[in-house]
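File shown: work-v3.cif. Contents: mmCIF, C-alpha atoms and all ligand atoms.
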data_start
loop_
_atom_site.label_atom_id
_atom_site.label_comp_id
_atom_site.auth_asym_id
_atom_site.auth_seq_id
_atom_site.Cartn_x
_atom_site.Cartn_y
_atom_site.Cartn_z
CA MET A 1397 0.00 0.00 0.00
CA MET A 1398 1.24 3.50 -0.81
CA ASP A 1399 2.02 5.65 2.24
CA TRP A 1400 0.42 9.08 1.64
CA GLN A 1401 0.94 10.36 5.16
CA ASP A 1402 3.60 12.99 4.46
CA ILE A 1403 1.91 14.46 1.41
CA LEU A 1404 -1.68 14.63 2.61
CA ALA A 1405 -3.05 18.04 3.57
CA ARG A 1406 -3.70 18.58 7.26
CA ARG A 1407 -7.45 18.67 6.61
CA ALA A 1408 -7.37 15.08 5.37
CA GLY A 1409 -6.66 13.99 8.93
CA ARG A 1410 -10.18 15.07 9.91
CA MET A 1411 -11.91 13.13 7.17
CA LYS A 1412 -13.04 9.77 8.35
CA ALA A 1413 -15.49 7.16 7.16
CA SER A 1414 -18.97 7.80 8.48
CA GLU A 1415 -19.90 5.25 11.11
CA ILE A 1416 -23.31 5.00 9.51
CA ARG A 1417 -22.05 4.29 6.00
CA GLU A 1418 -19.69 1.61 7.32
CA LEU A 1419 -22.56 0.11 9.23
CA LEU A 1420 -24.96 0.09 6.30
CA LYS A 1421 -22.56 -2.22 4.49
CA LEU A 1422 -23.18 -4.86 7.15
CA LEU A 1423 -26.90 -4.73 6.81
CA ASP A 1424 -27.42 -6.52 3.53
CA GLN A 1425 -28.56 -9.69 5.30
CA PRO A 1426 -32.25 -10.06 4.47
CA ASP A 1427 -33.40 -11.10 7.96
CA ILE A 1428 -32.18 -7.91 9.65
CA ILE A 1429 -34.76 -5.26 10.45
CA SER A 1430 -32.94 -1.98 10.02
CA PHE A 1431 -33.88 1.33 11.59
CA ALA A 1432 -30.38 2.56 10.74
CA GLY A 1433 -30.42 4.35 7.38
CA GLY A 1434 -32.31 7.63 7.29
CA ILE A 1435 -33.35 7.16 3.70
CA PRO A 1436 -36.66 7.67 1.89
CA ASP A 1437 -38.77 4.64 1.01
CA PRO A 1438 -38.14 3.93 -2.71
CA ALA A 1439 -41.77 2.79 -3.05
CA LEU A 1440 -42.73 6.45 -2.64
CA PHE A 1441 -40.56 7.80 -5.45
CA PRO A 1442 -42.73 9.26 -8.25
CA ALA A 1443 -41.03 6.97 -10.77
CA ALA A 1444 -43.80 7.11 -13.38
CA ASP A 1445 -43.80 10.92 -13.30
CA PHE A 1446 -40.03 10.96 -13.80
CA LYS A 1447 -40.33 8.50 -16.66
CA THR A 1448 -42.75 10.84 -18.41
CA ALA A 1449 -40.58 13.87 -17.65
CA PHE A 1450 -37.37 12.35 -19.03
CA HIS A 1451 -39.25 11.04 -22.06
CA ASP A 1452 -40.76 14.44 -22.80
CA ILE A 1453 -37.44 16.25 -22.35
CA PHE A 1454 -35.78 13.97 -24.89
CA SER A 1455 -38.71 14.14 -27.30
CA GLY A 1456 -38.40 17.85 -28.04
CA ALA A 1457 -36.01 20.73 -28.54
CA GLU A 1458 -35.14 20.62 -24.84
CA ALA A 1459 -32.92 17.58 -25.40
CA ALA A 1460 -30.08 19.81 -26.57
CA THR A 1461 -30.33 22.06 -23.50
CA ALA A 1462 -30.47 19.03 -21.23
CA LEU A 1463 -27.27 17.59 -22.62
CA GLN A 1464 -25.26 20.82 -22.98
CA TYR A 1465 -23.17 22.76 -20.42
CA SER A 1466 -25.25 25.28 -18.54
CA VAL A 1467 -25.03 28.16 -16.06
CA SER A 1468 -23.69 27.61 -12.53
CA GLU A 1469 -26.71 29.27 -10.88
CA GLY A 1470 -28.97 26.46 -12.07
CA TYR A 1471 -31.87 25.92 -14.48
CA LEU A 1472 -33.83 29.19 -14.53
CA PRO A 1473 -37.38 27.72 -14.66
CA LEU A 1474 -36.57 25.63 -11.57
CA ARG A 1475 -35.11 28.66 -9.78
CA ARG A 1476 -38.28 30.61 -10.62
CA TRP A 1477 -40.45 27.75 -9.34
CA LEU A 1478 -38.42 27.65 -6.12
CA ALA A 1479 -38.60 31.42 -5.66
CA ALA A 1480 -42.41 31.19 -5.83
CA ARG A 1481 -42.42 28.30 -3.36
CA MET A 1482 -40.13 30.19 -0.97
CA ALA A 1483 -42.50 33.19 -1.21
CA ALA A 1484 -45.37 30.92 -0.13
CA LEU A 1485 -43.28 30.01 2.95
CA GLY A 1486 -42.92 33.68 3.89
CA VAL A 1487 -39.69 34.29 1.97
CA PRO A 1488 -40.41 36.73 -0.88
CA CYS A 1489 -37.44 36.47 -3.24
CA GLY A 1490 -36.41 36.15 -6.88
CA PRO A 1491 -34.30 33.71 -8.86
CA GLU A 1492 -31.24 35.86 -8.01
CA ASN A 1493 -31.68 34.57 -4.47
CA ILE A 1494 -31.56 30.90 -5.50
CA LEU A 1495 -28.61 28.65 -6.34
CA ILE A 1496 -29.23 25.04 -7.36
CA SER A 1497 -26.85 22.65 -5.61
CA SER A 1498 -26.19 18.94 -6.00
CA GLY A 1499 -28.26 18.04 -2.95
CA SER A 1500 -28.16 20.16 0.17
CA GLN A 1501 -25.01 18.27 1.14
CA GLN A 1502 -23.07 20.20 -1.50
CA ALA A 1503 -24.45 23.46 -0.12
CA LEU A 1504 -23.11 22.55 3.34
CA ASP A 1505 -19.67 21.94 1.84
CA TYR A 1506 -19.74 25.28 0.02
CA LEU A 1507 -20.86 27.11 3.15
CA GLY A 1508 -18.05 25.55 5.16
CA LYS A 1509 -15.66 26.57 2.41
CA ILE A 1510 -16.87 30.14 2.17
CA PHE A 1511 -17.12 30.92 5.89
CA LEU A 1512 -14.52 28.87 7.76
CA THR A 1513 -10.83 29.65 8.15
CA PRO A 1514 -9.06 26.96 10.22
CA ALA A 1515 -9.60 27.51 13.98
CA ASP A 1516 -12.84 29.46 13.43
CA THR A 1517 -15.82 28.30 15.47
CA ALA A 1518 -18.93 26.68 14.01
CA LEU A 1519 -21.89 26.70 16.39
CA VAL A 1520 -23.98 23.57 15.99
CA THR A 1521 -26.79 21.84 17.84
CA TRP A 1522 -25.51 19.10 20.14
CA PRO A 1523 -26.16 16.48 18.65
CA THR A 1524 -26.18 17.55 15.01
CA TYR A 1525 -26.36 16.11 11.49
CA LEU A 1526 -23.32 13.91 10.97
CA GLY A 1527 -23.04 14.90 7.31
CA ALA A 1528 -22.76 18.56 8.28
CA LEU A 1529 -19.83 17.75 10.58
CA GLY A 1530 -18.31 15.76 7.71
CA ALA A 1531 -18.70 18.70 5.31
CA PHE A 1532 -17.40 21.33 7.76
CA ASN A 1533 -14.50 19.20 9.10
CA ALA A 1534 -12.55 19.68 5.87
CA TYR A 1535 -12.30 23.38 6.75
CA GLU A 1536 -10.83 22.63 10.19
CA PRO A 1537 -13.23 24.45 12.50
CA ARG A 1538 -13.64 24.21 16.23
CA TYR A 1539 -17.20 23.33 17.28
CA ASP A 1540 -19.19 24.91 20.06
CA ARG A 1541 -22.71 24.37 21.31
CA LEU A 1542 -25.50 26.36 19.73
CA LEU A 1543 -28.28 24.40 21.47
CA PRO A 1544 -28.58 23.50 24.27
CA ARG A 1545 -26.38 26.35 25.42
CA GLY A 1546 -27.09 26.30 29.15
CA ASN A 1547 -26.49 29.72 30.67
CA ARG A 1548 -23.54 30.69 28.47
CA THR A 1549 -23.88 34.20 27.09
CA ALA A 1550 -23.02 35.45 23.61
CA GLU A 1551 -19.86 37.00 25.09
CA ASP A 1552 -18.82 33.63 26.60
CA ILE A 1553 -19.13 32.06 23.15
CA ALA A 1554 -17.20 34.87 21.47
CA ALA A 1555 -14.44 34.73 24.09
CA ALA A 1556 -14.00 30.95 23.73
CA ALA A 1557 -13.84 31.34 19.94
CA ARG A 1558 -11.16 34.04 20.25
CA GLU A 1559 -9.17 31.89 22.63
CA ALA A 1560 -9.22 29.07 20.07
CA GLY A 1561 -7.56 31.39 17.56
CA GLY A 1562 -10.47 32.44 15.34
CA ARG A 1563 -14.02 33.78 15.65
CA ALA A 1564 -17.51 32.34 15.63
CA LYS A 1565 -18.69 32.32 12.00
CA PHE A 1566 -22.02 30.60 11.74
CA ALA A 1567 -24.82 28.82 13.55
CA TYR A 1568 -25.88 25.60 11.81
CA LEU A 1569 -29.20 24.02 12.68
CA SER A 1570 -32.05 22.00 11.26
CA PRO A 1571 -35.05 23.65 12.94
CA ASP A 1572 -37.68 21.18 11.67
CA PHE A 1573 -37.54 17.48 12.62
CA ALA A 1574 -33.79 17.46 13.01
CA ASN A 1575 -31.51 14.62 12.09
CA PRO A 1576 -30.82 12.84 14.46
CA THR A 1577 -33.30 13.86 17.19
CA GLY A 1578 -36.52 14.45 15.24
CA GLU A 1579 -37.01 17.58 17.35
CA THR A 1580 -38.42 20.90 16.16
CA LEU A 1581 -37.25 24.28 17.42
CA ASP A 1582 -40.18 26.46 18.45
CA ARG A 1583 -40.66 30.02 17.28
CA ALA A 1584 -39.15 31.58 20.39
CA GLY A 1585 -36.09 29.33 20.02
CA ARG A 1586 -35.70 30.41 16.39
CA GLU A 1587 -35.97 34.08 17.34
CA ALA A 1588 -33.34 33.55 20.05
CA VAL A 1589 -30.90 32.04 17.52
CA LEU A 1590 -31.49 35.00 15.19
CA GLU A 1591 -30.76 37.39 18.05
CA LEU A 1592 -27.57 35.55 18.97
CA ALA A 1593 -26.53 35.70 15.30
CA ASP A 1594 -27.11 39.47 15.22
CA THR A 1595 -25.14 39.93 18.44
CA LEU A 1596 -22.19 37.81 17.29
CA ASP A 1597 -22.42 38.76 13.59
CA LEU A 1598 -22.91 35.15 12.46
CA ALA A 1599 -24.38 33.57 9.37
CA VAL A 1600 -27.29 31.26 10.18
CA ILE A 1601 -27.33 28.07 8.13
CA GLU A 1602 -30.90 26.78 8.15
CA ASP A 1603 -30.93 23.15 7.00
CA ALA A 1604 -34.49 22.55 5.82
CA ALA A 1605 -33.98 19.01 4.49
CA TYR A 1606 -37.08 17.62 6.27
CA GLN A 1607 -39.24 20.75 6.38
CA ASP A 1608 -41.91 19.46 3.98
CA LEU A 1609 -42.45 16.29 6.01
CA ARG A 1610 -44.69 17.57 8.81
CA TYR A 1611 -47.25 15.01 10.05
CA ASP A 1612 -49.08 17.02 12.67
CA GLY A 1613 -48.98 20.26 14.61
CA GLU A 1614 -48.76 23.68 13.05
CA ALA A 1615 -45.91 24.67 10.74
CA ILE A 1616 -43.48 27.19 12.24
CA PRO A 1617 -42.11 29.73 9.74
CA PRO A 1618 -38.59 29.05 8.47
CA MET A 1619 -35.84 31.02 10.23
CA LEU A 1620 -35.31 32.95 6.99
CA ALA A 1621 -38.99 34.00 6.99
CA LEU A 1622 -38.75 35.12 10.62
CA GLU A 1623 -35.65 37.15 9.84
CA ILE A 1624 -37.31 38.79 6.82
CA ALA A 1625 -40.27 39.69 9.06
CA ARG A 1626 -37.78 41.52 11.34
CA LYS A 1627 -35.66 43.17 8.69
CA GLY A 1628 -38.00 43.80 5.76
CA SER A 1629 -36.16 42.07 2.91
CA ILE A 1630 -34.09 39.00 2.17
CA GLU A 1631 -31.30 41.37 1.13
CA ALA A 1632 -30.82 42.38 4.78
CA CYS A 1633 -30.73 38.80 6.05
CA ARG A 1634 -27.92 36.62 7.42
CA THR A 1635 -29.90 33.35 7.22
CA VAL A 1636 -28.88 30.94 4.45
CA TYR A 1637 -31.67 28.46 3.75
CA CYS A 1638 -30.66 25.04 2.37
CA GLY A 1639 -33.49 23.09 0.75
CA SER A 1640 -33.62 19.66 -0.84
CA PHE A 1641 -35.80 17.51 -3.09
CA SER A 1642 -34.15 14.40 -1.65
CA LYS A 1643 -36.79 13.55 0.94
CA THR A 1644 -39.77 14.43 -1.23
CA LEU A 1645 -38.99 13.50 -4.85
CA SER A 1646 -35.66 11.63 -5.12
CA PRO A 1647 -32.26 11.71 -3.42
CA GLY A 1648 -30.57 9.98 -6.37
CA LEU A 1649 -31.06 12.93 -8.73
CA ARG A 1650 -29.07 15.18 -6.34
CA VAL A 1651 -31.07 18.38 -6.62
CA GLY A 1652 -31.16 20.87 -3.75
CA TRP A 1653 -31.03 24.64 -3.44
CA VAL A 1654 -29.73 27.55 -1.41
CA CYS A 1655 -31.95 30.59 -0.83
CA ALA A 1656 -30.17 33.66 0.54
CA GLU A 1657 -29.22 37.30 0.14
CA SER A 1658 -28.13 37.84 -3.49
CA SER A 1659 -24.46 38.85 -2.96
CA LEU A 1660 -23.84 35.64 -1.01
CA ILE A 1661 -25.52 33.67 -3.82
CA SER A 1662 -23.14 35.35 -6.29
CA ARG A 1663 -20.15 34.26 -4.21
CA LEU A 1664 -21.50 30.70 -3.98
CA VAL A 1665 -21.97 30.69 -7.77
CA LEU A 1666 -18.22 31.35 -8.09
CA LEU A 1667 -17.50 28.42 -5.77
CA LYS A 1668 -19.78 26.19 -7.78
CA GLN A 1669 -18.15 27.25 -11.02
CA ALA A 1670 -14.79 26.23 -9.60
CA ALA A 1671 -16.05 22.98 -8.07
CA ASP A 1672 -18.35 21.34 -10.64
CA LEU A 1673 -19.55 24.08 -13.06
CA HIS A 1674 -23.20 23.24 -12.45
CA SER A 1675 -25.54 20.50 -11.24
CA ALA A 1676 -26.80 18.06 -13.89
CA THR A 1677 -29.14 20.06 -16.12
CA LEU A 1678 -31.16 17.00 -17.11
CA ASN A 1679 -31.97 16.26 -13.48
CA GLN A 1680 -32.90 19.86 -12.77
CA MET A 1681 -35.24 19.88 -15.77
CA ALA A 1682 -36.89 16.63 -14.72
CA VAL A 1683 -37.32 17.79 -11.13
CA HIS A 1684 -38.85 21.03 -12.41
CA ARG A 1685 -41.38 19.17 -14.56
CA VAL A 1686 -42.34 16.72 -11.82
CA ALA A 1687 -42.55 19.44 -9.17
CA GLU A 1688 -44.68 21.68 -11.36
CA ALA A 1689 -47.03 18.85 -12.26
CA GLY A 1690 -47.78 17.87 -8.68
CA PHE A 1691 -45.31 18.56 -5.91
CA ASP A 1692 -47.97 19.03 -3.25
CA ALA A 1693 -49.73 15.77 -4.13
CA GLN A 1694 -46.41 13.90 -3.95
CA VAL A 1695 -45.58 15.45 -0.57
CA ALA A 1696 -49.05 14.56 0.71
CA ARG A 1697 -48.50 10.94 -0.32
CA ALA A 1698 -45.12 10.77 1.43
CA ARG A 1699 -46.51 12.45 4.54
CA ALA A 1700 -49.40 10.00 4.84
CA ALA A 1701 -47.07 7.00 4.55
CA TYR A 1702 -44.44 8.30 6.98
CA ARG A 1703 -47.02 9.56 9.47
CA ALA A 1704 -48.44 6.03 9.79
CA ARG A 1705 -44.93 4.61 10.32
CA ARG A 1706 -44.11 7.22 12.94
CA ASP A 1707 -47.33 6.42 14.78
CA ARG A 1708 -46.59 2.73 14.62
CA MET A 1709 -43.05 3.18 15.94
CA LEU A 1710 -44.16 5.40 18.83
CA ALA A 1711 -46.88 2.93 19.81
CA ALA A 1712 -44.39 0.03 19.66
CA LEU A 1713 -41.86 1.95 21.77
CA GLU A 1714 -44.58 2.50 24.36
CA ARG A 1715 -45.19 -1.27 24.45
CA HIS A 1716 -41.64 -2.61 24.37
CA MET A 1717 -39.19 -0.19 25.98
CA PRO A 1718 -38.00 -1.08 29.47
CA ALA A 1719 -38.34 1.44 32.31
CA GLY A 1720 -35.70 4.16 32.29
CA VAL A 1721 -35.62 4.50 28.49
CA SER A 1722 -36.97 7.73 26.96
CA TRP A 1723 -37.53 8.91 23.39
CA THR A 1724 -38.58 11.93 21.35
CA GLU A 1725 -42.00 12.21 19.67
CA PRO A 1726 -41.29 13.92 16.35
CA GLU A 1727 -43.96 15.93 14.55
CA GLY A 1728 -42.32 15.09 11.23
CA GLY A 1729 -39.18 13.86 9.49
CA MET A 1730 -37.74 10.38 9.76
CA PHE A 1731 -36.20 9.95 13.21
CA VAL A 1732 -36.90 9.03 16.81
CA TRP A 1733 -34.07 9.64 19.29
CA VAL A 1734 -33.78 7.23 22.18
CA THR A 1735 -31.91 7.83 25.44
CA VAL A 1736 -30.99 4.74 27.48
CA PRO A 1737 -29.73 4.65 31.07
CA GLU A 1738 -25.99 5.19 31.58
CA PRO A 1739 -23.59 3.48 31.38
CA LEU A 1740 -25.18 1.57 28.47
CA ASP A 1741 -23.36 2.34 25.25
CA GLY A 1742 -24.99 2.57 21.83
CA ALA A 1743 -22.13 0.95 19.93
CA ALA A 1744 -22.02 -2.09 22.23
CA LEU A 1745 -25.81 -2.33 22.07
CA LEU A 1746 -25.69 -2.26 18.28
CA ALA A 1747 -23.14 -5.07 18.09
CA ARG A 1748 -25.37 -7.23 20.28
CA ALA A 1749 -28.52 -6.13 18.43
CA VAL A 1750 -27.16 -7.18 15.04
CA SER A 1751 -25.56 -10.46 16.13
CA HIS A 1752 -28.23 -11.75 18.54
CA HIS A 1753 -31.48 -10.04 17.61
CA LYS A 1754 -31.17 -9.12 13.92
CA VAL A 1755 -32.11 -5.50 14.38
CA ALA A 1756 -30.08 -2.35 13.67
CA PHE A 1757 -30.05 1.34 14.60
CA VAL A 1758 -27.39 4.06 14.73
CA PRO A 1759 -25.47 4.64 17.96
CA GLY A 1760 -25.84 8.33 18.84
CA ARG A 1761 -22.24 9.18 19.68
CA ALA A 1762 -21.27 10.00 16.07
CA PHE A 1763 -23.70 12.94 16.05
CA PHE A 1764 -21.85 14.75 18.86
CA PRO A 1765 -18.75 16.77 17.89
CA ASP A 1766 -17.16 15.81 21.25
CA ALA A 1767 -18.13 12.12 20.96
CA THR A 1768 -20.33 12.27 24.07
CA GLY A 1769 -23.88 10.89 23.98
CA GLY A 1770 -22.82 7.24 24.21
CA ASN A 1771 -26.19 6.41 25.77
CA THR A 1772 -28.25 7.53 22.77
CA LEU A 1773 -29.60 5.76 19.67
CA ARG A 1774 -31.18 7.01 16.44
CA LEU A 1775 -34.09 5.04 15.02
CA SER A 1776 -35.42 5.80 11.56
CA PHE A 1777 -38.98 4.81 10.67
CA SER A 1778 -38.93 5.95 7.04
CA ALA A 1779 -37.84 2.79 5.24
CA THR A 1780 -39.53 0.08 7.33
CA ASP A 1781 -43.22 -0.65 7.15
CA GLY A 1782 -46.05 -2.47 8.83
CA GLU A 1783 -45.38 -5.44 11.06
CA ALA A 1784 -41.61 -5.06 10.70
CA ILE A 1785 -41.74 -1.85 12.76
CA GLU A 1786 -43.53 -3.61 15.63
CA GLU A 1787 -41.25 -6.65 15.46
CA GLY A 1788 -38.09 -4.53 15.14
CA ILE A 1789 -38.96 -2.41 18.17
CA ARG A 1790 -39.78 -5.58 20.12
CA ARG A 1791 -36.25 -6.74 19.31
CA VAL A 1792 -34.70 -3.41 20.35
CA GLY A 1793 -36.64 -3.76 23.60
CA ALA A 1794 -35.19 -7.25 24.11
CA VAL A 1795 -31.64 -5.96 23.52
CA LEU A 1796 -32.15 -3.24 26.14
CA GLN A 1797 -33.81 -5.62 28.62
CA GLU A 1798 -30.80 -7.93 28.41
CA ALA A 1799 -28.34 -5.08 28.79
CA LEU A 1800 -30.18 -3.71 31.81
CA GLN A 1801 -30.30 -7.05 33.59
CA PRO A 1802 -28.25 -6.81 36.81
N1 LIG B 1 -29.30 17.74 5.87
C1 LIG B 1 -29.82 16.79 6.66
C2 LIG B 1 -30.28 17.15 8.03
C3 LIG B 1 -29.90 15.46 6.18
O1 LIG B 1 -30.39 14.50 6.99
C4 LIG B 1 -29.46 15.17 4.87
C5 LIG B 1 -29.53 13.78 4.28
N2 LIG B 1 -29.45 12.72 5.11
C6 LIG B 1 -28.93 16.20 4.12
C7 LIG B 1 -28.87 17.48 4.64
C8 LIG B 1 -28.36 16.00 2.74
O2 LIG B 1 -29.35 15.67 1.85
P1 LIG B 1 -29.22 15.90 0.28
O3 LIG B 1 -27.79 16.23 -0.03
O4 LIG B 1 -29.64 14.63 -0.32
O5 LIG B 1 -30.13 17.05 -0.02
#
In structure tokens, what does this structure look like?
Amino acid sequence: MMDWQDILARRAGRMKASEIRELLKLLDQPDIISFAGGIPDPALFPAADFKTAFHDIFSGAEAATALQYSVSEGYLPLRRWLAARMAALGVPCGPENILISSGSQQALDYLGKIFLTPADTALVTWPTYLGALGAFNAYEPRYDRLLPRGNRTAEDIAAAAREAGGRAKFAYLSPDFANPTGETLDRAGREAVLELADTLDLAVIEDAAYQDLRYDGEAIPPMLALEIARKGSIEACRTVYCGSFSKTLSPGLRVGWVCAESSLISRLVLLKQAADLHSATLNQMAVHRVAEAGFDAQVARARAAYRARRDRMLAALERHMPAGVSWTEPEGGMFVWVTVPEPLDGAALLARAVSHHKVAFVPGRAFFPDATGGNTLRLSFSATDGEAIEEGIRRVGAVLQEALQP
């Protein structure tokens, strides 16, 4: 094997294989019930609609556009469609406020790249989306707690960031049905983050990957909408909204978007030009056609299916979890977050769960920048249906019962 050690950049040292991806490789055995992957159910993909869309694109003059190089900002009709949709969410804006990205994951990478100098501080929820840590890590930040923050003041956070050799640059959060906890930040919590960002002069990265998947309760306006309500226009706002079609239409097509103040979008366009020129035009065109023909109906279908699975999982947890175990009750998204008594450890529980009970979940530690949270587990209900949810949770209950036995 070649030894790259001396020629790798320092940042490469912080890039490691995601525990979840490594784990998913082990789960091909057919008799395992997996609550591990947070992926959409492929049965819900609007495959027939995409078939029609791709067929129609290739049947007319659009074929040439679809196959040619294009602009880095993204396919204009899709950006216009998104601007109208953002307006309906309380974010009046134009296509100059939208950049199409290859999934929201690419947007997180670009935002890390554009904001972080090594030793700067990224404020994140604790726990947070593992893929965001993966994207930001390449830019060598220090992490600090955005939420929960305890009684630390803005000045405490700024002072710690200075001491680490940089400054706090952004707050990253997923306010609706977060990955991994499933929790939603209420309106007052969102306003408090916006105030902290004003005080510390931070960007706010609003990861809206699951926002469309609300099953009950009333929608809370996006952080970007709340900031516009305070400041009058998107052009005065520090919130950068990252949206995605992955959880509603298809993750495989890799189409997401950033909605933000136009000068930041222009800077991100330059990054995109340098990184990959533009996202696949064909996929953007197909997503535009399918979205225009019936996005709301597709979302309603996905919501109904996932709502039933969430209900089933919560009812099964009620039946099968031993005393001392607690869990979140998400109003949307794909995840339930389980806390088990200390000193039980998620990784050890998983090993036992897979080998003895044929059930899988994700140990929670990987979602904490400081590798705490050993006594937490993430369960996803999105890709398992019917009886398998009940049986899988019964098995998780059996794993925990055994581990708790004196
Ligand atoms: N943000 C969150 C919170 C996610 O869970 C995911 C996908 N797991 C993403 C962003 C990235 O999704 P995509 O790149 O497919 O839009």
Around ligand LIG 1 (chain B), which protein and nucleic acid residues have at least one atom no more than 6 Å from it, if we count all atoms listed in the file? List them as a PyMOL selection string.
chain A and resi 1499-1501+1525+1575+1603+1605+1640+1642+1647+1652
Taking (-33.7, 6.2, 33.5) in the file's coordinates, which residues come within 10 Å, counting only C-alpha atoms, written as a VMD selection string?
chain A and resid 1718 to 1722 1735 to 1738
Who sits within 9 Å of Arg1634 of chain A, only C-alpha atoms, same chain under 2 positions skipped, as a list in words
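Once the nearby chain positions are removed, what remains is Leu1590, Ala1593, Asp1594, Asp1597, Leu1598, Ala1599, Val1600, Ile1601, Leu1620, Glu1623, Ile1630, Glu1631, Ala1632, Val1636, Ala1656 and Glu1657 of chain A.
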As an exercise, work out the distance from atom CA of Pro1442 of chain A to atom CA of Ser1646 of chain A in Å and give it to one decimal place.
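Answer for the atom CA of Pro1442 of chain A to atom CA of Ser1646 of chain A separation: 8.1 Å.
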Of the residues A:Phe1573, A:Trp1723, A:Tyr1539, A:Trp1522, which is the one nearest to Ala1560 of chain A, using all atoms listed in the file?
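Answer, going by the shortest atom-to-atom distance: A:Tyr1539.
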Of the listed residues A:Leu1423, A:Ala1557, A:Ala1483, A:Ile1494, that which approaches Leu1519 of chain A most closely, counting all atoms listed in the file
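Closest residue, counting all atoms listed in the file: A:Ala1557.
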Residue contacts of Gly1508 of chain A (8 Å, all atoms listed in the file) excluding same-chain residues fewer than 4 positions away, as a short mmCIF file (atom, residue, chain, number, x, y, z; two decimals) with C-alpha atoms, keeping the file's coordinate frame:
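Once everything was written out, this is part.cif:
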data_model
loop_
_atom_site.label_atom_id
_atom_site.label_comp_id
_atom_site.auth_asym_id
_atom_site.auth_seq_id
_atom_site.Cartn_x
_atom_site.Cartn_y
_atom_site.Cartn_z
CA LEU A 1504 -23.11 22.55 3.34
CA LEU A 1512 -14.52 28.87 7.76
CA ALA A 1531 -18.70 18.70 5.31
CA PHE A 1532 -17.40 21.33 7.76
CA TYR A 1535 -12.30 23.38 6.75
#
Compile a residue-level contact table for segment 1423-1512 of chain A against segment 1680-1697 of chain A at a cut-off of 8 Å, reporting for every qualifying residue the shortest atom pair and its distance in Å to one decimal, with all atoms listed in the file counted, rows ordered by chain and ascending number, as CSV.
residue,atom,partner,partner_atom,distance
A:Leu1440,CA,A:Arg1697,CA,7.7
A:Pro1442,CA,A:Gln1694,CA,7.3
A:Asp1445,CA,A:Val1686,CA,6.2
A:Phe1446,CA,A:Val1686,CA,6.5
A:Ala1449,CA,A:Ala1682,CA,5.5
A:Phe1450,CA,A:Ala1682,CA,6.1
A:Ile1453,CA,A:Ala1682,CA,7.7
A:Ala1462,CA,A:Met1681,CA,7.3
A:Gly1470,CA,A:Gln1680,CA,7.7
A:Tyr1471,CA,A:Gln1680,CA,6.4
A:Pro1473,CA,A:His1684,CA,7.2
A:Leu1474,CA,A:His1684,CA,5.2
A:Trp1477,CA,A:His1684,CA,7.6
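Of the listed residues (A:Trp1733, A:Phe1764, A:Trp1653, A:Tyr1465), A:Trp1653 comes nearest to Arg1481 of chain A; the distances count all atoms listed in the file.
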Distance query segment 1665-1673 of chain A at most 9 Å, only C-alpha atoms, self and fewer than 4 positions along chain excluded, as a list in words
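Contacts, with the query itself left out: Tyr1465, Ser1466, Val1467, Ser1468, Glu1469, Leu1495, Ser1497, Tyr1506, Lys1509, Ile1510, Leu1660 and Ile1661 of chain A.
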Kindly indicate which residue among A:Arg1406, A:His1674, A:Arg1791, A:Lys1447 lies nearest to Ser1751 of chain A, using all atoms listed in the file for the distances.
A:Arg1791
Residues within 8 Å of Ile1435 of chain A, all atoms listed in the file, excluding chain neighbours under 2 positions, as a PyMOL selection string:
chain A and resi 1433+1437+1643+1778-1779
For Gly1788 of chain A, please output as an NGL selection string all residues within 12 Å (counting all atoms listed in the file; exclusion window: fewer than 4 positions along the same chain).
:A and (1427-1432 or 1708-1709 or 1712-1713 or 1716-1717 or 1749-1750 or 1753-1757 or 1775-1777 or 1780-1784 or 1792-1795)
Write the residues of the preceding selection, restricted to C-alpha atoms, as a JSON list (two decimals), in the frame of the given file.
[["chain", "number", "residue", "atom", "x", "y", "z"],
["A", 1427, "ASP", "CA", -33.40, -11.10, 7.96],
["A", 1428, "ILE", "CA", -32.18, -7.91, 9.65],
["A", 1429, "ILE", "CA", -34.76, -5.26, 10.45],
["A", 1430, "SER", "CA", -32.94, -1.98, 10.02],
["A", 1431, "PHE", "CA", -33.88, 1.33, 11.59],
["A", 1432, "ALA", "CA", -30.38, 2.56, 10.74],
["A", 1708, "ARG", "CA", -46.59, 2.73, 14.62],
["A", 1709, "MET", "CA", -43.05, 3.18, 15.94],
["A", 1712, "ALA", "CA", -44.39, 0.03, 19.66],
["A", 1713, "LEU", "CA", -41.86, 1.95, 21.77],
["A", 1716, "HIS", "CA", -41.64, -2.61, 24.37],
["A", 1717, "MET", "CA", -39.19, -0.19, 25.98],
["A", 1749, "ALA", "CA", -28.52, -6.13, 18.43],
["A", 1750, "VAL", "CA", -27.16, -7.18, 15.04],
["A", 1753, "HIS", "CA", -31.48, -10.04, 17.61],
["A", 1754, "LYS", "CA", -31.17, -9.12, 13.92],
["A", 1755, "VAL", "CA", -32.11, -5.50, 14.38],
["A", 1756, "ALA", "CA", -30.08, -2.35, 13.67],
["A", 1757, "PHE", "CA", -30.05, 1.34, 14.60],
["A", 1775, "LEU", "CA", -34.09, 5.04, 15.02],
["A", 1776, "SER", "CA", -35.42, 5.80, 11.56],
["A", 1777, "PHE", "CA", -38.98, 4.81, 10.67],
["A", 1780, "THR", "CA", -39.53, 0.08, 7.33],
["A", 1781, "ASP", "CA", -43.22, -0.65, 7.15],
["A", 1782, "GLY", "CA", -46.05, -2.47, 8.83],
["A", 1783, "GLU", "CA", -45.38, -5.44, 11.06],
["A", 1784, "ALA", "CA", -41.61, -5.06, 10.70],
["A", 1792, "VAL", "CA", -34.70, -3.41, 20.35],
["A", 1793, "GLY", "CA", -36.64, -3.76, 23.60],
["A", 1794, "ALA", "CA", -35.19, -7.25, 24.11],
["A", 1795, "VAL", "CA", -31.64, -5.96, 23.52]]
